[in-house]
>>> print(open('run.cif').read())   # mmCIF, C-alpha atoms
data_upload
#
loop_
_atom_site.label_atom_id
_atom_site.label_comp_id
_atom_site.auth_asym_id
_atom_site.auth_seq_id
_atom_site.Cartn_x
_atom_site.Cartn_y
_atom_site.Cartn_z
CA MET A 1 0.00 0.00 0.00
CA ASN A 2 1.25 3.41 -0.87
CA PRO A 3 2.36 5.39 2.23
CA LYS A 4 0.47 8.42 0.94
CA THR A 5 -2.80 6.47 1.19
CA THR A 6 -2.58 5.97 4.94
CA ARG A 7 -4.33 8.13 7.53
CA SER A 8 -1.27 10.37 7.94
CA GLY A 9 -1.17 10.73 4.16
CA LEU A 10 -4.79 11.89 4.21
CA VAL A 11 -4.00 14.47 6.91
CA THR A 12 -1.05 15.71 4.88
CA GLU A 13 -3.30 15.98 1.84
CA VAL A 14 -5.88 18.09 3.71
CA ILE A 15 -3.14 20.34 5.09
CA GLN A 16 -1.77 20.78 1.55
CA TYR A 17 -5.21 21.77 0.27
CA ILE A 18 -5.74 24.32 3.05
CA ALA A 19 -2.21 25.76 2.92
CA GLY A 20 -2.25 25.87 -0.87
CA ALA A 21 -5.58 27.72 -0.95
CA ILE A 22 -4.48 30.25 1.70
CA ILE A 23 -1.11 30.94 0.06
CA LEU A 24 -2.70 31.19 -3.39
CA LEU A 25 -5.33 33.61 -2.08
CA PHE A 26 -2.67 35.71 -0.33
CA GLY A 27 -0.59 35.95 -3.50
CA PHE A 28 -3.64 36.80 -5.59
CA ILE A 29 -4.66 39.57 -3.17
CA MET A 30 -1.12 40.97 -3.21
CA ILE A 31 -1.05 40.98 -7.03
CA CYS A 32 -4.46 42.68 -7.20
CA GLY A 33 -3.34 45.22 -4.60
CA ALA A 34 -0.14 45.99 -6.49
CA ILE A 35 -2.01 46.40 -9.75
CA ALA A 36 -4.76 48.56 -8.20
CA SER A 37 -2.37 50.75 -6.23
CA GLU A 38 -1.69 54.13 -7.77
CA GLN A 39 1.51 54.57 -5.80
CA THR A 40 3.13 51.37 -7.05
CA LYS A 41 5.10 51.66 -10.22
CA LEU A 42 6.33 48.24 -11.30
CA THR A 43 9.28 49.82 -13.04
CA VAL A 44 11.11 50.50 -9.80
CA THR A 45 13.33 47.56 -8.88
CA LYS A 46 12.20 47.45 -5.25
CA ASP A 47 8.52 47.42 -6.20
CA LEU A 48 9.12 44.72 -8.80
CA VAL A 49 10.98 42.49 -6.31
CA LEU A 50 8.19 42.92 -3.73
CA PHE A 51 5.60 42.18 -6.41
CA LEU A 52 7.41 38.95 -7.32
CA LEU A 53 8.12 37.87 -3.72
CA LEU A 54 4.73 38.73 -2.21
CA GLY A 55 2.52 38.17 -5.24
CA VAL A 56 3.80 35.85 -7.92
CA LEU A 57 5.82 33.50 -5.71
CA PRO A 58 2.91 32.75 -3.32
CA VAL A 59 0.57 32.18 -6.28
CA LEU A 60 3.02 29.68 -7.77
CA LEU A 61 3.63 27.96 -4.41
CA GLY A 62 -0.08 27.78 -3.59
CA GLY A 63 -0.87 26.41 -7.04
CA TRP A 64 1.84 23.78 -6.69
CA LEU A 65 0.53 22.69 -3.26
CA LEU A 66 -3.00 22.37 -4.66
CA PHE A 67 -1.67 20.35 -7.62
CA VAL A 68 0.23 17.95 -5.33
CA ALA A 69 -2.78 17.54 -3.03
CA ARG A 70 -5.02 16.78 -6.01
CA LYS A 71 -2.53 14.24 -7.32
CA ASN A 72 -2.41 12.52 -3.91
CA THR A 73 -6.23 12.45 -3.77
CA LYS A 74 -6.35 10.72 -7.12
CA LEU A 75 -3.68 8.23 -6.06
CA ARG A 76 -5.56 7.45 -2.84
CA ARG A 77 -8.80 6.82 -4.77
CA VAL A 78 -7.09 4.55 -7.30
CA ASP A 79 -5.47 2.53 -4.51
CA ALA A 80 -8.78 2.20 -2.65
CA LEU A 81 -10.55 1.09 -5.85
CA GLU A 82 -7.86 -1.51 -6.60
CA ASN A 83 -8.15 -2.83 -3.07
CA LEU A 84 -11.95 -3.08 -3.38
CA VAL A 85 -11.73 -4.93 -6.71
CA LEU A 86 -9.23 -7.42 -5.28
CA GLN A 87 -11.45 -8.04 -2.25
CA ILE A 88 -14.47 -8.68 -4.48
CA ALA A 89 -12.41 -10.95 -6.74
CA SER A 90 -11.19 -12.85 -3.69
CA ARG A 91 -14.77 -13.46 -2.54
CA HIS A 92 -15.52 -14.90 -5.99
CA GLY A 93 -12.57 -17.30 -6.05
CA GLY A 94 -10.41 -15.06 -8.22
CA ASN A 95 -12.92 -15.01 -11.11
CA LEU A 96 -14.89 -11.84 -11.70
CA THR A 97 -17.06 -10.32 -14.43
CA ALA A 98 -17.67 -6.64 -15.02
CA THR A 99 -21.32 -7.08 -14.11
CA GLU A 100 -20.41 -8.67 -10.77
CA LEU A 101 -17.95 -5.89 -10.04
CA ALA A 102 -20.61 -3.27 -10.82
CA MET A 103 -23.11 -5.15 -8.65
CA TYR A 104 -20.86 -5.28 -5.58
CA SER A 105 -19.39 -1.79 -5.92
CA LYS A 106 -20.58 1.69 -6.81
CA LEU A 107 -19.12 1.45 -10.31
CA SER A 108 -21.12 1.47 -13.50
CA ILE A 109 -20.65 -1.47 -15.85
CA MET A 110 -18.56 0.73 -18.17
CA GLN A 111 -16.32 1.82 -15.27
CA ALA A 112 -16.05 -1.79 -14.09
CA ASN A 113 -14.93 -2.84 -17.58
CA GLU A 114 -12.27 -0.10 -17.61
CA VAL A 115 -10.96 -1.08 -14.17
CA LEU A 116 -10.78 -4.75 -15.08
CA GLU A 117 -9.01 -3.93 -18.34
CA ARG A 118 -6.42 -1.96 -16.34
CA PHE A 119 -5.76 -5.09 -14.29
CA THR A 120 -5.17 -7.08 -17.49
CA LYS A 121 -2.76 -4.44 -18.80
CA GLN A 122 -0.85 -4.69 -15.50
CA ASN A 123 -0.76 -8.51 -15.90
CA VAL A 124 -2.58 -8.96 -12.61
CA ALA A 125 -5.56 -10.60 -14.32
CA TYR A 126 -6.22 -12.29 -17.63
CA VAL A 127 -9.40 -12.66 -19.62
CA LYS A 128 -11.26 -15.91 -20.15
CA ILE A 129 -14.46 -16.19 -22.18
CA SER A 130 -17.37 -18.21 -20.81
CA ASP A 131 -19.64 -20.42 -22.93
CA ASN A 132 -22.16 -17.58 -23.30
CA GLY A 133 -19.48 -15.09 -24.40
CA THR A 134 -19.08 -13.22 -21.10
CA TYR A 135 -15.60 -11.99 -20.27
CA VAL A 136 -14.39 -13.50 -17.01
CA TYR A 137 -11.32 -11.94 -15.42
CA GLN A 138 -9.10 -14.44 -13.62
CA PHE A 139 -6.86 -12.74 -11.06
CA GLU A 140 -3.36 -14.11 -10.65
CA GLY A 141 -2.44 -14.91 -7.08
CA ILE A 142 -6.00 -15.26 -5.79
CA VAL A 143 -6.53 -18.96 -5.16
CA SER A 144 -8.90 -20.91 -2.97
CA GLN A 145 -7.88 -22.19 0.44
CA GLN A 146 -8.03 -25.73 -0.96
CA ASP A 147 -5.49 -24.83 -3.65
CA LYS A 148 -3.28 -23.23 -1.02
CA ASP A 149 -3.46 -26.37 1.13
CA GLN A 150 -2.60 -28.61 -1.84
CA ALA A 151 0.31 -26.45 -3.00
CA GLU A 152 3.65 -28.23 -3.10
CA SER A 153 6.91 -26.73 -1.94
CA LEU A 154 9.40 -25.65 -4.58
CA ASN A 155 12.01 -27.80 -2.90
CA SER A 156 9.98 -30.98 -3.45
CA LEU A 157 9.14 -30.00 -7.03
CA ILE A 158 12.74 -29.21 -7.97
CA TYR A 159 14.44 -32.10 -6.21
CA LYS A 160 11.55 -34.60 -6.57
CA GLU A 161 11.63 -35.45 -2.89
#
>>> encode(input="run.cif", output="C-alpha cells")
Amino acid sequence: MNPKTTRSGLVTEVIQYIAGAIILLFGFIMICGAIASEQTKLTVTKDLVLFLLLGVLPVLLGGWLLFVARKNTKLRRVDALENLVLQIASRHGGNLTATELAMYSKLSIMQANEVLERFTKQNVAYVKISDNGTYVYQFEGIVSQQDKDQAESLNSLIYKE
C-alpha cells in the first residue's frame, strides 16, 4: 500500500489543500493590490521584487501545493478502488465479471470494464471467455484455500523429494 494512502497521508493531503488555498489567495490579493495601487510603479526595482516575492511566488507555491494535493487524492482513490476490486475478486474465487464488479461496488458497468481492463494491462488478471461469451477476469495470485493447502513446496518440485 502506498504510504500516501494511509491516515497520515490523508491528513497531509488536507493540510496541503488548506495551505495551498491560503497561500494562493494571499498571493492573488497581493497581485491585485499591487495592480490597483496608484503609488506602485512596477518599473522600480524594489517594487518589482516585492511584487514577485509577495505576489507571484505565493501564487506559484499555492498552485503547486493544490496540484500535489489533487494528485495525492487521485492516487488514494485509485489505490482504494484496486483494493476493493481485489477483495471482491477474492470473494468470488479469483474469477470476476464486469457485471459482478458493478453489482458489488458503486461502479457502473462501463467503469467496471475499464478497471478490469487496467488489471489485465498490468498482468494482474487475464481474460477468459465463458460459454455464453461473457468476459471472465481471472486474477493471478487469488486462489482458494483448498489450492493453497494442496500447493507443493518448490524444494519438493525441484528435487523430486
>>> closest_residue(input="run.cif", among="A:Arg77, A:Lys128, A:Lys71, A:Lys160", to="A:Gly94", atoms="only C-alpha atoms")
A:Lys128
>>> resolve_selection(input="run.cif", expression="the PyMOL selection byres ((chain A and resi 30) around 10)", output="NGL selection string")
:A and (24-29 or 31-36 or 50-56 or 58-59)
>>> resolve_selection(input="run.cif", expression="the PyMOL selection byres ((chain A and resi 97) around 10)", output="PyMOL selection string")
chain A and resi 89+92+95-96+98-103+109+112-113+116+127-128+134-138
>>> residues_around(input="run.cif", residues="A:Leu86", least_positions_apart="2", cutoff="12 Å", atoms="only C-alpha atoms", output="ChimeraX atom specification")
/A:79-84,88-96,101,104-105,115-116,119,124-125,137-143
>>> atom_distance(input="run.cif", atom1="atom CA of A:Leu60", atom2="atom CA of A:Ile15")
17.0 Å
>>> residues_near_point(input="run.cif", point="(-3.0, 16.4, -2.6)", cutoff="10 Å", atoms="all atoms listed in the file", output="PyMOL selection string")
chain A and resi 4+9-17+20+64-76
>>> closest_residue(input="run.cif", among="A:Ile158, A:Val85, A:Ala19, A:Val78", to="A:Leu61", atoms="all atoms listed in the file")
A:Ala19
>>> atom_distance(input="run.cif", atom1="atom CA of A:Thr120", atom2="atom CA of A:Ser153")
27.8 Å
>>> atom_distance(input="run.cif", atom1="atom CA of A:Gln150", atom2="atom CA of A:Gln87")
22.4 Å
>>> axis_aligned_box(input="run.cif", around="stretch 130-142 of chain A", padding_each_side="3 Å", output="lines of an AutoDock Vina configuration file")
center_x = -12.3
center_y = -16.2
center_z = -15.1
size_x = 25.7
size_y = 14.5
size_z = 24.6
>>> decode(input="run.cif", residues="stretch 98-112 of chain A", atoms="all heavy atoms", output="PDB file, in the first residue's frame")
ATOM      1  N   ALA A  98     -17.413  -8.073 -15.186  1.00  0.00           N
ATOM      2  CA  ALA A  98     -17.669  -6.636 -15.020  1.00  0.00           C
ATOM      3  C   ALA A  98     -19.028  -6.408 -14.366  1.00  0.00           C
ATOM      4  O   ALA A  98     -19.185  -5.504 -13.538  1.00  0.00           O
ATOM      5  CB  ALA A  98     -17.598  -5.928 -16.364  1.00  0.00           C
ATOM      6  N   THR A  99     -19.993  -7.222 -14.699  1.00  0.00           N
ATOM      7  CA  THR A  99     -21.324  -7.084 -14.105  1.00  0.00           C
ATOM      8  C   THR A  99     -21.273  -7.353 -12.605  1.00  0.00           C
ATOM      9  O   THR A  99     -21.889  -6.624 -11.817  1.00  0.00           O
ATOM     10  CB  THR A  99     -22.315  -8.048 -14.787  1.00  0.00           C
ATOM     11  OG1 THR A  99     -22.304  -7.799 -16.188  1.00  0.00           O
ATOM     12  CG2 THR A  99     -23.716  -7.864 -14.242  1.00  0.00           C
ATOM     13  N   GLU A 100     -20.544  -8.381 -12.210  1.00  0.00           N
ATOM     14  CA  GLU A 100     -20.412  -8.673 -10.773  1.00  0.00           C
ATOM     15  C   GLU A 100     -19.711  -7.538 -10.048  1.00  0.00           C
ATOM     16  O   GLU A 100     -20.125  -7.142  -8.954  1.00  0.00           O
ATOM     17  CB  GLU A 100     -19.628  -9.977 -10.571  1.00  0.00           C
ATOM     18  CG  GLU A 100     -20.383 -11.211 -10.968  1.00  0.00           C
ATOM     19  CD  GLU A 100     -19.526 -12.457 -10.940  1.00  0.00           C
ATOM     20  OE1 GLU A 100     -18.284 -12.358 -11.147  1.00  0.00           O
ATOM     21  OE2 GLU A 100     -20.093 -13.527 -10.724  1.00  0.00           O
ATOM     22  N   LEU A 101     -18.660  -6.996 -10.661  1.00  0.00           N
ATOM     23  CA  LEU A 101     -17.951  -5.885 -10.039  1.00  0.00           C
ATOM     24  C   LEU A 101     -18.877  -4.688  -9.880  1.00  0.00           C
ATOM     25  O   LEU A 101     -18.901  -4.047  -8.826  1.00  0.00           O
ATOM     26  CB  LEU A 101     -16.717  -5.504 -10.847  1.00  0.00           C
ATOM     27  CG  LEU A 101     -15.904  -4.327 -10.328  1.00  0.00           C
ATOM     28  CD1 LEU A 101     -15.447  -4.570  -8.888  1.00  0.00           C
ATOM     29  CD2 LEU A 101     -14.717  -4.056 -11.225  1.00  0.00           C
ATOM     30  N   ALA A 102     -19.661  -4.393 -10.898  1.00  0.00           N
ATOM     31  CA  ALA A 102     -20.606  -3.275 -10.821  1.00  0.00           C
ATOM     32  C   ALA A 102     -21.663  -3.538  -9.748  1.00  0.00           C
ATOM     33  O   ALA A 102     -22.080  -2.621  -9.040  1.00  0.00           O
ATOM     34  CB  ALA A 102     -21.267  -3.047 -12.175  1.00  0.00           C
ATOM     35  N   MET A 103     -22.082  -4.794  -9.620  1.00  0.00           N
ATOM     36  CA  MET A 103     -23.109  -5.151  -8.647  1.00  0.00           C
ATOM     37  C   MET A 103     -22.625  -4.969  -7.203  1.00  0.00           C
ATOM     38  O   MET A 103     -23.381  -4.519  -6.355  1.00  0.00           O
ATOM     39  CB  MET A 103     -23.489  -6.630  -8.850  1.00  0.00           C
ATOM     40  CG  MET A 103     -24.945  -6.891  -8.818  1.00  0.00           C
ATOM     41  SD  MET A 103     -25.401  -8.577  -9.351  1.00  0.00           S
ATOM     42  CE  MET A 103     -24.149  -9.641  -8.777  1.00  0.00           C
ATOM     43  N   TYR A 104     -21.378  -5.310  -6.943  1.00  0.00           N
ATOM     44  CA  TYR A 104     -20.856  -5.280  -5.583  1.00  0.00           C
ATOM     45  C   TYR A 104     -20.059  -4.017  -5.264  1.00  0.00           C
ATOM     46  O   TYR A 104     -19.428  -3.929  -4.217  1.00  0.00           O
ATOM     47  CB  TYR A 104     -19.991  -6.510  -5.329  1.00  0.00           C
ATOM     48  CG  TYR A 104     -20.798  -7.788  -5.373  1.00  0.00           C
ATOM     49  CD1 TYR A 104     -20.667  -8.677  -6.432  1.00  0.00           C
ATOM     50  CD2 TYR A 104     -21.715  -8.090  -4.370  1.00  0.00           C
ATOM     51  CE1 TYR A 104     -21.410  -9.838  -6.485  1.00  0.00           C
ATOM     52  CE2 TYR A 104     -22.467  -9.249  -4.418  1.00  0.00           C
ATOM     53  CZ  TYR A 104     -22.306 -10.119  -5.479  1.00  0.00           C
ATOM     54  OH  TYR A 104     -23.055 -11.267  -5.528  1.00  0.00           O
ATOM     55  N   SER A 105     -20.064  -3.060  -6.167  1.00  0.00           N
ATOM     56  CA  SER A 105     -19.385  -1.788  -5.924  1.00  0.00           C
ATOM     57  C   SER A 105     -20.292  -0.666  -6.414  1.00  0.00           C
ATOM     58  O   SER A 105     -21.406  -0.913  -6.851  1.00  0.00           O
ATOM     59  CB  SER A 105     -18.045  -1.748  -6.669  1.00  0.00           C
ATOM     60  OG  SER A 105     -18.257  -1.707  -8.059  1.00  0.00           O
ATOM     61  N   LYS A 106     -19.805   0.542  -6.332  1.00  0.00           N
ATOM     62  CA  LYS A 106     -20.576   1.689  -6.809  1.00  0.00           C
ATOM     63  C   LYS A 106     -20.220   2.070  -8.238  1.00  0.00           C
ATOM     64  O   LYS A 106     -20.549   3.145  -8.697  1.00  0.00           O
ATOM     65  CB  LYS A 106     -20.347   2.892  -5.879  1.00  0.00           C
ATOM     66  CG  LYS A 106     -20.886   2.684  -4.493  1.00  0.00           C
ATOM     67  CD  LYS A 106     -20.667   3.888  -3.619  1.00  0.00           C
ATOM     68  CE  LYS A 106     -21.247   3.656  -2.237  1.00  0.00           C
ATOM     69  NZ  LYS A 106     -21.074   4.806  -1.372  1.00  0.00           N
ATOM     70  N   LEU A 107     -19.542   1.173  -8.942  1.00  0.00           N
ATOM     71  CA  LEU A 107     -19.117   1.445 -10.312  1.00  0.00           C
ATOM     72  C   LEU A 107     -20.228   1.108 -11.299  1.00  0.00           C
ATOM     73  O   LEU A 107     -21.020   0.192 -11.068  1.00  0.00           O
ATOM     74  CB  LEU A 107     -17.888   0.594 -10.652  1.00  0.00           C
ATOM     75  CG  LEU A 107     -16.628   0.829  -9.844  1.00  0.00           C
ATOM     76  CD1 LEU A 107     -15.566  -0.187 -10.216  1.00  0.00           C
ATOM     77  CD2 LEU A 107     -16.116   2.236 -10.054  1.00  0.00           C
ATOM     78  N   SER A 108     -20.237   1.837 -12.393  1.00  0.00           N
ATOM     79  CA  SER A 108     -21.120   1.466 -13.496  1.00  0.00           C
ATOM     80  C   SER A 108     -20.466   0.291 -14.224  1.00  0.00           C
ATOM     81  O   SER A 108     -19.291  -0.010 -14.010  1.00  0.00           O
ATOM     82  CB  SER A 108     -21.309   2.641 -14.451  1.00  0.00           C
ATOM     83  OG  SER A 108     -20.097   2.904 -15.137  1.00  0.00           O
ATOM     84  N   ILE A 109     -21.214  -0.345 -15.103  1.00  0.00           N
ATOM     85  CA  ILE A 109     -20.650  -1.467 -15.848  1.00  0.00           C
ATOM     86  C   ILE A 109     -19.499  -0.993 -16.737  1.00  0.00           C
ATOM     87  O   ILE A 109     -18.470  -1.669 -16.846  1.00  0.00           O
ATOM     88  CB  ILE A 109     -21.738  -2.187 -16.668  1.00  0.00           C
ATOM     89  CG1 ILE A 109     -22.699  -2.893 -15.717  1.00  0.00           C
ATOM     90  CG2 ILE A 109     -21.133  -3.180 -17.647  1.00  0.00           C
ATOM     91  CD1 ILE A 109     -23.854  -3.597 -16.374  1.00  0.00           C
ATOM     92  N   MET A 110     -19.633   0.187 -17.325  1.00  0.00           N
ATOM     93  CA  MET A 110     -18.563   0.725 -18.166  1.00  0.00           C
ATOM     94  C   MET A 110     -17.298   0.979 -17.334  1.00  0.00           C
ATOM     95  O   MET A 110     -16.191   0.638 -17.750  1.00  0.00           O
ATOM     96  CB  MET A 110     -19.014   2.017 -18.847  1.00  0.00           C
ATOM     97  CG  MET A 110     -17.989   2.581 -19.819  1.00  0.00           C
ATOM     98  SD  MET A 110     -18.551   4.065 -20.647  1.00  0.00           S
ATOM     99  CE  MET A 110     -19.744   3.354 -21.760  1.00  0.00           C
ATOM    100  N   GLN A 111     -17.475   1.575 -16.151  1.00  0.00           N
ATOM    101  CA  GLN A 111     -16.324   1.821 -15.274  1.00  0.00           C
ATOM    102  C   GLN A 111     -15.709   0.498 -14.824  1.00  0.00           C
ATOM    103  O   GLN A 111     -14.485   0.371 -14.749  1.00  0.00           O
ATOM    104  CB  GLN A 111     -16.748   2.640 -14.054  1.00  0.00           C
ATOM    105  CG  GLN A 111     -17.129   4.061 -14.362  1.00  0.00           C
ATOM    106  CD  GLN A 111     -17.794   4.738 -13.172  1.00  0.00           C
ATOM    107  OE1 GLN A 111     -18.528   4.119 -12.404  1.00  0.00           O
ATOM    108  NE2 GLN A 111     -17.537   6.035 -13.035  1.00  0.00           N
ATOM    109  N   ALA A 112     -16.548  -0.486 -14.514  1.00  0.00           N
ATOM    110  CA  ALA A 112     -16.052  -1.795 -14.090  1.00  0.00           C
ATOM    111  C   ALA A 112     -15.218  -2.432 -15.204  1.00  0.00           C
ATOM    112  O   ALA A 112     -14.158  -3.005 -14.939  1.00  0.00           O
ATOM    113  CB  ALA A 112     -17.222  -2.692 -13.697  1.00  0.00           C
TER     114      ALA A 112
END
